[in-house]
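Working notes for the structure below.
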Amino acid sequence: MDRFPEAFRRFEQDVDVDDFENYQQLAYAFSHWAGKRWIDSYKQNLALKREGKRLGFENAKLPSYFKPSTKWKTTAQIGEHREFNDKQISTINDGIRKGYSSNKIQRQLRSQGLGIRRKELLKQIREMKNKSAKANREKYTPKKYRNK
């Protein structure tokens with residue numbers, strides 16, 4: 001059942017959409033207008049993008065956390081390149097969006113039978129959150145291993 005266009009028509013009746021200068025303003029206003037009904041899901045954003053294009057906003061695009069990153073490639077132990085599958089990526093993205101810790105994300109992946117090595121998972125989460133690796137890595141290494 002297609003309910004989004006109906007909701008957007010009600011939004012257009014309540015709010016003057018001609019006042020918006022760009023798509024980001026439209027998206028923010030609609031999410032604020034929708035309140036708790038706005039889940040920020042892929043389908044809702046896709047429908048909002050479609051309505052934005054219909055209104056003439058050429059810069060309408062999905063938020064970056066819905067787009068698969070080209071950096072999601074990792075090297076397996078045997079030296080071949082492999083990518084995470086779509087289900088793993090979507091589970092990680094959902095966890096990041098909901099503010100889950102990396103432990104909770106890894107538990108979700110394991111419960112779905114989609115385990116990822118901890119080191120690789122942390123690397124991918126840091127990339128998605130645009131965080132750098134730990135600043136002083138030697139601080140966490142025991143003294144007897146530091147000089148090697």
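Labeling convention for the structure tokens: chains A, B, ... as they appear, residues from 1 per chain, ligands from 1 in order of appearance.
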Exercise. Using DSSP on the backbone coordinates, identify all residues within segment 17-104 of chain A classified as strand (DSSP E); present the result as a PyMOL selection string.
Key: chain A and resi 73-75+81-83
Sorted by chain and rising residue number, which residues of segment 97-122 of chain A lie within 12 Å of segment 127-147 of chain A, and what are their closest atom pairs and distances in Å to one decimal, counting only C-alpha atoms, as JSON lines?
{"residue": "A:Arg97", "atom": "CA", "partner": "A:Lys129", "partner_atom": "CA", "distance": 9.6}
{"residue": "A:Gly99", "atom": "CA", "partner": "A:Lys129", "partner_atom": "CA", "distance": 10.4}
{"residue": "A:Tyr100", "atom": "CA", "partner": "A:Lys129", "partner_atom": "CA", "distance": 11.9}
{"residue": "A:Ser101", "atom": "CA", "partner": "A:Lys129", "partner_atom": "CA", "distance": 11.9}
{"residue": "A:Ser102", "atom": "CA", "partner": "A:Lys129", "partner_atom": "CA", "distance": 11.6}
{"residue": "A:Lys119", "atom": "CA", "partner": "A:Ala133", "partner_atom": "CA", "distance": 11.5}
{"residue": "A:Glu120", "atom": "CA", "partner": "A:Glu127", "partner_atom": "CA", "distance": 10.6}
{"residue": "A:Leu121", "atom": "CA", "partner": "A:Glu127", "partner_atom": "CA", "distance": 9.9}
{"residue": "A:Leu122", "atom": "CA", "partner": "A:Glu127", "partner_atom": "CA", "distance": 8.6}
Exercise. Using DSSP on the backbone, list every residue of segment 75-137 of chain A that comes out as helix (DSSP H, G or I), and give them as a ChimeraX atom specification.
Key: /A:86-97,102-111,118-129,137
Using the selection just defined, write its residues with C-alpha atoms as an mmCIF file, in the first residue's frame.
data_model
loop_
_atom_site.group_PDB
_atom_site.id
_atom_site.type_symbol
_atom_site.label_atom_id
_atom_site.label_comp_id
_atom_site.auth_asym_id
_atom_site.auth_seq_id
_atom_site.Cartn_x
_atom_site.Cartn_y
_atom_site.Cartn_z
ATOM 1 C CA ASP A 86 24.521 -6.494 1.602
ATOM 2 C CA LYS A 87 22.999 -8.009 4.718
ATOM 3 C CA GLN A 88 26.180 -7.416 6.726
ATOM 4 C CA ILE A 89 26.417 -3.827 5.493
ATOM 5 C CA SER A 90 22.781 -3.065 6.262
ATOM 6 C CA THR A 91 23.081 -4.558 9.770
ATOM 7 C CA ILE A 92 26.174 -2.462 10.460
ATOM 8 C CA ASN A 93 24.539 0.694 9.064
ATOM 9 C CA ASP A 94 21.390 0.112 11.136
ATOM 10 C CA GLY A 95 23.473 -0.340 14.265
ATOM 11 C CA ILE A 96 25.468 2.821 13.601
ATOM 12 C CA ARG A 97 22.316 4.819 12.883
ATOM 13 C CA SER A 102 30.405 -2.233 18.222
ATOM 14 C CA ASN A 103 29.834 -5.107 20.675
ATOM 15 C CA LYS A 104 26.084 -4.937 20.148
ATOM 16 C CA ILE A 105 26.500 -4.756 16.354
ATOM 17 C CA GLN A 106 28.779 -7.797 16.434
ATOM 18 C CA ARG A 107 26.256 -9.718 18.550
ATOM 19 C CA GLN A 108 23.538 -8.908 16.010
ATOM 20 C CA LEU A 109 25.723 -10.120 13.167
ATOM 21 C CA ARG A 110 26.493 -13.357 15.017
ATOM 22 C CA SER A 111 22.828 -13.982 15.791
ATOM 23 C CA ARG A 118 36.401 -8.064 15.272
ATOM 24 C CA LYS A 119 39.356 -6.132 13.863
ATOM 25 C CA GLU A 120 37.699 -5.745 10.458
ATOM 26 C CA LEU A 121 34.356 -4.786 12.007
ATOM 27 C CA LEU A 122 35.948 -2.040 14.112
ATOM 28 C CA LYS A 123 37.817 -0.755 11.066
ATOM 29 C CA GLN A 124 34.590 -0.540 9.067
ATOM 30 C CA ILE A 125 32.654 1.120 11.894
ATOM 31 C CA ARG A 126 35.391 3.739 12.256
ATOM 32 C CA GLU A 127 35.251 4.408 8.520
ATOM 33 C CA MET A 128 31.478 4.821 8.568
ATOM 34 C CA LYS A 129 31.579 7.148 11.579
ATOM 35 C CA ARG A 137 48.251 2.867 20.049
#
Exercise. Would you mind reading off the distance between atom CA of Glu58 of chain A and atom CA of Gln25 of chain A, one decimal, in Å?
Key: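 Result for atom CA of Glu58 of chain A versus atom CA of Gln25 of chain A: 13.3 Å, one decimal.
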Quiz item: Which one of A:Gly52, A:Gly35, A:Lys98, A:Tyr42 sits closest to Glu12 of chain A if you count only C-alpha atoms?
Solution: A:Gly52
Self-check item: From A:Phe57, A:Trp33, A:Phe84, A:Trp38, residue lying nearest Phe20 of chain A [only C-alpha atoms]
Solution: A:Phe57
Quiz item: How far is it from atom CA of Val15 of chain A to atom CA of Leu46 of chain A, in Å with one decimal?
Solution: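 Here the two named atoms are 20.4 Å from each other.
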Exercise. List the neighbours of Phe8 of chain A out to 10 Å using only C-alpha atoms; skip same-chain residues closer than 5 positions along the sequence, and give me the result as a PyMOL selection string.
Key: chain A and resi 3+13-14+30+34+47-48+51
Got time to write the residues from that selection, C-alpha atoms, as an mmCIF file, in the first residue's frame?
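Saved file again-v1.cif follows:
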data_model
loop_
_atom_site.group_PDB
_atom_site.id
_atom_site.type_symbol
_atom_site.label_atom_id
_atom_site.label_comp_id
_atom_site.auth_asym_id
_atom_site.auth_seq_id
_atom_site.Cartn_x
_atom_site.Cartn_y
_atom_site.Cartn_z
ATOM 1 C CA ARG A 3 0.836 5.800 1.746
ATOM 2 C CA GLN A 13 -1.455 21.540 2.360
ATOM 3 C CA ASP A 14 0.014 22.472 5.774
ATOM 4 C CA PHE A 30 9.012 17.002 6.350
ATOM 5 C CA ALA A 34 5.890 13.843 10.358
ATOM 6 C CA ALA A 47 9.891 8.352 -1.537
ATOM 7 C CA LEU A 48 10.833 11.799 -0.206
ATOM 8 C CA GLU A 51 8.641 13.891 -4.260
#
